[in-house]
Amino acid sequence: MTIAQITDLHVTTEKDPLNQRRNEARLRQVLNTIHGLRPRPVAIIASGDLVDRGEPEEYDELKRVMADCEIPVFYALGNHDDRKTFLQVFDGPDARVDENGFVQYAVDFGPVRVVVCDTLEGPNDGDYDPLRADWLARTLDAEPDKPTAVILHHPPIPSGIRWMDPDPESEWIKRLHDVLHGRRQVKMLMCGHIHRAFSGVFAGHSLCAAPATSIQLTLDLTEVDMHRPDGREILVEEPPGFALLMAHEGHLTTHTCLAGAFKPAVTYNFPFRTKA
């Protein structure tokens, strides 16, 4: 069983025609690739920065693009989103919220549980206040033995791309660490935000950040003065991508995938194993 993760869609409108056309085309390329996977994923998790400015018209555009999707889609929010506006446009079954109005929820997919968290707060940094952390603790306590993937927009560990990384001493990161530490059913943390694939460990769990469907961040791990622009390249039109979560016999594995149509290099025309 597989579940696809897409992130950092940055869908926008004709107010920003270049990004509107480019980001929609790249998102459609990702969706076409996901639909062609074998087996087809049972769900798509869109893990935040769904739109670029949090405007109602952008969420209308997102609805228009995703209307062609043949796979159920589950949404999370990022720092470019607006919680109130998202819930106004994506009402009904898409408006999954906890008792405090945060867009966070748990979904069971057969042998696997996916817990979607709401880290939205402020223009770029994430947050996870005590109300949200309490919800996560109770939600994880409800299924202590079921293999679980936790979805966050903001990675709580540094990528090395300094101008995007969080302060590792942030209270929200410490709070999240305390909730996740020692919960053995959590097999994978899946994030977005960095517009680039990277992996690491947080609170004793594997963490995988997915590439963006929109443009990617340039891989530059040098020091940067956040108050003094220096002309460096910060975004690059590398191919769009996504992550694929695979569940097999209680184990969770992630693949980082490029979207597109690629020419086959080798085909399976002879047996891998022969009988003795």
# chains A, B, ... in the order shown; residues from 1 in each chain; ligands from 1
$ residues_around --residues "A:Ala210" --least-positions-apart "4" --cutoff "10 Å" --atoms "only C-alpha atoms" --output "NGL selection string"
:A and (5-8 or 47 or 153 or 190-199 or 241-244 or 254-257)
$ residues_around --residues "A:Gly36" --least-positions-apart "3" --cutoff "12 Å" --atoms "only C-alpha atoms" --output "ChimeraX atom specification"
/A:4,29-33,39-41,69-71,259-261
$ select_by_dssp --residues "stretch 109-146 of chain A" --states "strand (DSSP E or B)" --output "number ranges by chain"
A: 109, 112-116
$ atom_distance --atom1 "atom CA of A:Met188" --atom2 "atom CA of A:Leu27"
24.4 Å
$ closest_residue --among "A:Thr218, A:Val236, A:Thr2, A:Ile161" --to "A:Arg38" --atoms "only C-alpha atoms"
A:Thr2
$ select_by_dssp --residues "stretch 63-149 of chain A" --states "alpha helix (DSSP H)" --output "PyMOL selection string"
chain A and resi 63-66+83-89+130-141
$ write_last_selection --atoms "C-alpha atoms" --output "PDB file, in the first residue's frame"
ATOM      1  CA  LYS A  63     -10.118  23.277  -6.092  1.00  0.00           C
ATOM      2  CA  ARG A  64     -10.280  23.620  -9.877  1.00  0.00           C
ATOM      3  CA  VAL A  65      -6.944  21.883 -10.427  1.00  0.00           C
ATOM      4  CA  MET A  66      -7.572  19.115  -7.897  1.00  0.00           C
ATOM      5  CA  ARG A  83      -6.502  28.788   8.071  1.00  0.00           C
ATOM      6  CA  LYS A  84      -9.799  30.695   8.130  1.00  0.00           C
ATOM      7  CA  THR A  85      -9.913  31.171   4.367  1.00  0.00           C
ATOM      8  CA  PHE A  86      -9.003  27.547   3.671  1.00  0.00           C
ATOM      9  CA  LEU A  87     -11.840  26.345   5.916  1.00  0.00           C
ATOM     10  CA  GLN A  88     -14.289  28.698   4.235  1.00  0.00           C
ATOM     11  CA  VAL A  89     -13.461  27.440   0.743  1.00  0.00           C
ATOM     12  CA  PRO A 130       0.281  23.459  23.999  1.00  0.00           C
ATOM     13  CA  LEU A 131      -3.264  23.007  22.647  1.00  0.00           C
ATOM     14  CA  ARG A 132      -1.986  21.392  19.468  1.00  0.00           C
ATOM     15  CA  ALA A 133       0.612  19.336  21.318  1.00  0.00           C
ATOM     16  CA  ASP A 134      -2.036  18.038  23.733  1.00  0.00           C
ATOM     17  CA  TRP A 135      -4.195  16.985  20.795  1.00  0.00           C
ATOM     18  CA  LEU A 136      -1.264  15.138  19.212  1.00  0.00           C
ATOM     19  CA  ALA A 137      -0.436  13.317  22.447  1.00  0.00           C
ATOM     20  CA  ARG A 138      -4.037  12.179  22.883  1.00  0.00           C
ATOM     21  CA  THR A 139      -4.325  11.187  19.238  1.00  0.00           C
ATOM     22  CA  LEU A 140      -1.171   9.065  19.372  1.00  0.00           C
ATOM     23  CA  ASP A 141      -2.248   7.528  22.682  1.00  0.00           C
TER      24      ASP A 141
END
$ residues_around --residues "A:Asp82" --least-positions-apart "2" --cutoff "12 Å" --atoms "only C-alpha atoms" --output "PDB file with C-alpha atoms, in the first residue's frame"
ATOM      1  CA  GLY A  48       0.948  22.706   3.145  1.00  0.00           C
ATOM      2  CA  ASP A  49       1.691  25.890   1.248  1.00  0.00           C
ATOM      3  CA  LEU A  50      -1.262  24.860  -0.852  1.00  0.00           C
ATOM      4  CA  VAL A  51      -1.531  28.405  -2.219  1.00  0.00           C
ATOM      5  CA  ASP A  52       0.783  31.402  -2.351  1.00  0.00           C
ATOM      6  CA  ARG A  53      -1.004  34.248  -0.523  1.00  0.00           C
ATOM      7  CA  GLY A  54      -3.873  32.583   1.346  1.00  0.00           C
ATOM      8  CA  GLU A  55      -6.535  34.309  -0.754  1.00  0.00           C
ATOM      9  CA  PRO A  56     -10.021  32.858  -1.446  1.00  0.00           C
ATOM     10  CA  GLU A  58      -6.294  30.951  -4.861  1.00  0.00           C
ATOM     11  CA  TYR A  59      -8.137  28.220  -2.976  1.00  0.00           C
ATOM     12  CA  ALA A  76      -2.516  20.212   5.644  1.00  0.00           C
ATOM     13  CA  LEU A  77      -1.574  23.880   6.032  1.00  0.00           C
ATOM     14  CA  GLY A  78       1.731  25.738   5.664  1.00  0.00           C
ATOM     15  CA  ASN A  79       2.918  29.257   6.325  1.00  0.00           C
ATOM     16  CA  HIS A  80       1.607  30.584   2.979  1.00  0.00           C
ATOM     17  CA  LYS A  84      -9.799  30.695   8.130  1.00  0.00           C
ATOM     18  CA  THR A  85      -9.913  31.171   4.367  1.00  0.00           C
ATOM     19  CA  PHE A  86      -9.003  27.547   3.671  1.00  0.00           C
ATOM     20  CA  LEU A  87     -11.840  26.345   5.916  1.00  0.00           C
ATOM     21  CA  GLN A  88     -14.289  28.698   4.235  1.00  0.00           C
ATOM     22  CA  VAL A  89     -13.461  27.440   0.743  1.00  0.00           C
ATOM     23  CA  PHE A  90     -12.746  23.785   1.574  1.00  0.00           C
ATOM     24  CA  PHE A 102      -6.707  23.644  13.940  1.00  0.00           C
ATOM     25  CA  VAL A 103      -6.453  21.674  10.695  1.00  0.00           C
ATOM     26  CA  ASP A 118      -1.146  21.994  11.859  1.00  0.00           C
ATOM     27  CA  THR A 119       2.133  23.940  12.283  1.00  0.00           C
ATOM     28  CA  LEU A 120       0.859  27.184  10.737  1.00  0.00           C
ATOM     29  CA  GLU A 121       1.914  30.350  12.560  1.00  0.00           C
ATOM     30  CA  GLY A 122       3.483  33.535  11.242  1.00  0.00           C
ATOM     31  CA  PRO A 123       5.118  34.362   7.898  1.00  0.00           C
TER      32      PRO A 123
END
$ closest_residue --among "A:Asp129, A:Gly250, A:Pro93, A:Pro271" --to "A:Arg113" --atoms "only C-alpha atoms"
A:Gly250
$ residues_around --residues "A:Val201" --least-positions-apart "6" --cutoff "10 Å" --atoms "only C-alpha atoms" --output "VMD selection string"
chain A and resid 156 to 157 188 to 189 207 to 208
$ write_last_selection --atoms "N, CA and C atoms" --output "compact mmCIF listing (two decimals), in the first residue's frame"
# COMPACT_ATOMS: atom_id res chain seq x y z
N PRO A 156 11.17 20.13 11.91
CA PRO A 156 11.72 20.60 13.18
C PRO A 156 13.22 20.40 13.30
N ILE A 157 13.89 20.07 12.21
CA ILE A 157 15.35 19.94 12.20
C ILE A 157 15.90 20.79 11.06
N MET A 188 7.57 7.33 10.99
CA MET A 188 8.04 8.27 9.99
C MET A 188 7.42 9.64 10.23
N LEU A 189 8.25 10.69 10.15
CA LEU A 189 7.77 12.07 10.09
C LEU A 189 7.97 12.55 8.66
N LEU A 207 12.89 11.23 9.71
CA LEU A 207 12.20 12.38 9.14
C LEU A 207 12.57 12.51 7.68
N CYS A 208 11.56 12.70 6.84
CA CYS A 208 11.77 12.84 5.40
C CYS A 208 11.03 14.08 4.93
$ closest_residue --among "A:Lys174, A:Asp165, A:Phe270, A:Gly182" --to "A:Glu223" --atoms "only C-alpha atoms"
A:Asp165
$ atom_distance --atom1 "atom CA of A:Ile45" --atom2 "atom CA of A:Leu219"
24.9 Å
$ atom_distance --atom1 "atom CA of A:Glu237" --atom2 "atom CA of A:Gln216"
6.3 Å
$ residues_around --residues "A:Glu61" --least-positions-apart "5" --cutoff "10 Å" --atoms "only C-alpha atoms" --output "number ranges by chain"
A: 11-14, 20, 24, 51, 56, 66-67
$ closest_residue --among "A:Arg28, A:Arg162, A:Arg21, A:His248" --to "A:Asp68" --atoms "only C-alpha atoms"
A:Arg28
$ decode --residues "stretch 137-182 of chain A" --atoms "N, CA and C atoms" --output "JSON list (two decimals), in the first residue's frame"
[["chain", "number", "residue", "atom", "x", "y", "z"],
["A", 137, "ALA", "N", -0.70, 14.35, 21.45],
["A", 137, "ALA", "CA", -0.44, 13.32, 22.45],
["A", 137, "ALA", "C", -1.64, 12.41, 22.62],
["A", 138, "ARG", "N", -2.83, 12.99, 22.72],
["A", 138, "ARG", "CA", -4.04, 12.18, 22.88],
["A", 138, "ARG", "C", -4.33, 11.34, 21.65],
["A", 139, "THR", "N", -4.07, 11.91, 20.49],
["A", 139, "THR", "CA", -4.32, 11.19, 19.24],
["A", 139, "THR", "C", -3.39, 9.99, 19.10],
["A", 140, "LEU", "N", -2.12, 10.18, 19.44],
["A", 140, "LEU", "CA", -1.17, 9.06, 19.37],
["A", 140, "LEU", "C", -1.47, 8.02, 20.45],
["A", 141, "ASP", "N", -1.90, 8.46, 21.61],
["A", 141, "ASP", "CA", -2.25, 7.53, 22.68],
["A", 141, "ASP", "C", -3.41, 6.61, 22.30],
["A", 142, "ALA", "N", -4.27, 7.10, 21.40],
["A", 142, "ALA", "CA", -5.45, 6.32, 21.03],
["A", 142, "ALA", "C", -5.11, 5.07, 20.23],
["A", 143, "GLU", "N", -3.95, 5.05, 19.56],
["A", 143, "GLU", "CA", -3.53, 3.90, 18.75],
["A", 143, "GLU", "C", -2.04, 3.64, 18.99],
["A", 144, "PRO", "N", -1.68, 3.13, 20.16],
["A", 144, "PRO", "CA", -0.25, 3.01, 20.49],
["A", 144, "PRO", "C", 0.49, 1.91, 19.74],
["A", 145, "ASP", "N", -0.24, 1.02, 19.08],
["A", 145, "ASP", "CA", 0.41, -0.12, 18.43],
["A", 145, "ASP", "C", 0.31, -0.09, 16.90],
["A", 146, "LYS", "N", -0.34, 0.92, 16.34],
["A", 146, "LYS", "CA", -0.54, 0.95, 14.89],
["A", 146, "LYS", "C", 0.57, 1.78, 14.24],
["A", 147, "PRO", "N", 1.29, 1.22, 13.25],
["A", 147, "PRO", "CA", 2.34, 2.00, 12.57],
["A", 147, "PRO", "C", 1.79, 3.32, 12.05],
["A", 148, "THR", "N", 2.48, 4.40, 12.40],
["A", 148, "THR", "CA", 1.95, 5.75, 12.17],
["A", 148, "THR", "C", 2.97, 6.63, 11.48],
["A", 149, "ALA", "N", 2.48, 7.41, 10.51],
["A", 149, "ALA", "CA", 3.26, 8.48, 9.90],
["A", 149, "ALA", "C", 2.67, 9.81, 10.34],
["A", 150, "VAL", "N", 3.52, 10.72, 10.80],
["A", 150, "VAL", "CA", 3.09, 12.04, 11.25],
["A", 150, "VAL", "C", 3.47, 13.05, 10.18],
["A", 151, "ILE", "N", 2.49, 13.86, 9.75],
["A", 151, "ILE", "CA", 2.69, 14.83, 8.68],
["A", 151, "ILE", "C", 2.80, 16.23, 9.29],
["A", 152, "LEU", "N", 3.87, 16.95, 8.97],
["A", 152, "LEU", "CA", 4.09, 18.33, 9.41],
["A", 152, "LEU", "C", 4.49, 19.16, 8.21],
["A", 153, "HIS", "N", 4.06, 20.41, 8.15],
["A", 153, "HIS", "CA", 4.59, 21.24, 7.07],
["A", 153, "HIS", "C", 6.04, 21.64, 7.37],
["A", 154, "HIS", "N", 6.28, 22.13, 8.57],
["A", 154, "HIS", "CA", 7.60, 22.66, 8.93],
["A", 154, "HIS", "C", 8.49, 21.57, 9.52],
["A", 155, "PRO", "N", 9.64, 21.30, 8.93],
["A", 155, "PRO", "CA", 10.58, 20.35, 9.55],
["A", 155, "PRO", "C", 11.12, 20.92, 10.86],
["A", 156, "PRO", "N", 11.17, 20.13, 11.91],
["A", 156, "PRO", "CA", 11.72, 20.60, 13.18],
["A", 156, "PRO", "C", 13.22, 20.40, 13.30],
["A", 157, "ILE", "N", 13.89, 20.07, 12.21],
["A", 157, "ILE", "CA", 15.35, 19.94, 12.20],
["A", 157, "ILE", "C", 15.90, 20.79, 11.06],
["A", 158, "PRO", "N", 17.16, 21.22, 11.15],
["A", 158, "PRO", "CA", 17.74, 22.05, 10.10],
["A", 158, "PRO", "C", 18.08, 21.24, 8.85],
["A", 159, "SER", "N", 17.90, 21.89, 7.70],
["A", 159, "SER", "CA", 18.30, 21.29, 6.43],
["A", 159, "SER", "C", 19.70, 21.70, 6.04],
["A", 160, "GLY", "N", 20.21, 22.79, 6.63],
["A", 160, "GLY", "CA", 21.49, 23.37, 6.23],
["A", 160, "GLY", "C", 21.33, 24.55, 5.29],
["A", 161, "ILE", "N", 20.12, 24.74, 4.74],
["A", 161, "ILE", "CA", 19.83, 25.93, 3.94],
["A", 161, "ILE", "C", 19.42, 27.01, 4.93],
["A", 162, "ARG", "N", 20.36, 27.86, 5.32],
["A", 162, "ARG", "CA", 20.26, 28.63, 6.55],
["A", 162, "ARG", "C", 19.07, 29.58, 6.58],
["A", 163, "TRP", "N", 18.74, 30.20, 5.43],
["A", 163, "TRP", "CA", 17.70, 31.21, 5.47],
["A", 163, "TRP", "C", 16.30, 30.61, 5.62],
["A", 164, "MET", "N", 16.18, 29.30, 5.51],
["A", 164, "MET", "CA", 14.89, 28.65, 5.69],
["A", 164, "MET", "C", 14.79, 27.85, 6.97],
["A", 165, "ASP", "N", 15.89, 27.63, 7.65],
["A", 165, "ASP", "CA", 15.90, 26.69, 8.78],
["A", 165, "ASP", "C", 15.31, 27.31, 10.05],
["A", 166, "PRO", "N", 14.69, 26.46, 10.89],
["A", 166, "PRO", "CA", 14.16, 26.94, 12.17],
["A", 166, "PRO", "C", 15.26, 27.08, 13.20],
["A", 167, "ASP", "N", 14.97, 27.80, 14.26],
["A", 167, "ASP", "CA", 15.84, 27.83, 15.42],
["A", 167, "ASP", "C", 15.61, 26.53, 16.20],
["A", 168, "PRO", "N", 16.62, 25.66, 16.30],
["A", 168, "PRO", "CA", 16.41, 24.38, 16.97],
["A", 168, "PRO", "C", 16.04, 24.51, 18.44],
["A", 169, "GLU", "N", 16.24, 25.71, 19.02],
["A", 169, "GLU", "CA", 15.87, 25.94, 20.42],
["A", 169, "GLU", "C", 14.47, 26.52, 20.58],
["A", 170, "SER", "N", 13.72, 26.57, 19.48],
["A", 170, "SER", "CA", 12.35, 27.09, 19.55],
["A", 170, "SER", "C", 11.50, 26.26, 20.50],
["A", 171, "GLU", "N", 10.63, 26.94, 21.23],
["A", 171, "GLU", "CA", 9.78, 26.24, 22.19],
["A", 171, "GLU", "C", 8.89, 25.22, 21.50],
["A", 172, "TRP", "N", 8.41, 25.54, 20.29],
["A", 172, "TRP", "CA", 7.51, 24.60, 19.62],
["A", 172, "TRP", "C", 8.23, 23.31, 19.25],
["A", 173, "ILE", "N", 9.51, 23.42, 18.91],
["A", 173, "ILE", "CA", 10.28, 22.23, 18.56],
["A", 173, "ILE", "C", 10.53, 21.38, 19.81],
["A", 174, "LYS", "N", 10.85, 22.02, 20.92],
["A", 174, "LYS", "CA", 11.02, 21.28, 22.16],
["A", 174, "LYS", "C", 9.72, 20.59, 22.58],
["A", 175, "ARG", "N", 8.61, 21.30, 22.41],
["A", 175, "ARG", "CA", 7.30, 20.74, 22.78],
["A", 175, "ARG", "C", 6.96, 19.55, 21.91],
["A", 176, "LEU", "N", 7.20, 19.68, 20.60],
["A", 176, "LEU", "CA", 6.94, 18.57, 19.69],
["A", 176, "LEU", "C", 7.83, 17.38, 20.01],
["A", 177, "HIS", "N", 9.08, 17.64, 20.32],
["A", 177, "HIS", "CA", 10.01, 16.57, 20.69],
["A", 177, "HIS", "C", 9.49, 15.81, 21.90],
["A", 178, "ASP", "N", 8.99, 16.53, 22.89],
["A", 178, "ASP", "CA", 8.51, 15.87, 24.10],
["A", 178, "ASP", "C", 7.31, 14.96, 23.82],
["A", 179, "VAL", "N", 6.46, 15.37, 22.90],
["A", 179, "VAL", "CA", 5.29, 14.55, 22.55],
["A", 179, "VAL", "C", 5.71, 13.30, 21.78],
["A", 180, "LEU", "N", 6.64, 13.44, 20.86],
["A", 180, "LEU", "CA", 6.98, 12.33, 19.96],
["A", 180, "LEU", "C", 7.99, 11.36, 20.57],
["A", 181, "HIS", "N", 8.81, 11.83, 21.48],
["A", 181, "HIS", "CA", 9.87, 10.99, 22.02],
["A", 181, "HIS", "C", 9.29, 9.76, 22.72],
["A", 182, "GLY", "N", 9.81, 8.59, 22.35],
["A", 182, "GLY", "CA", 9.41, 7.34, 22.99],
["A", 182, "GLY", "C", 8.15, 6.71, 22.45]]
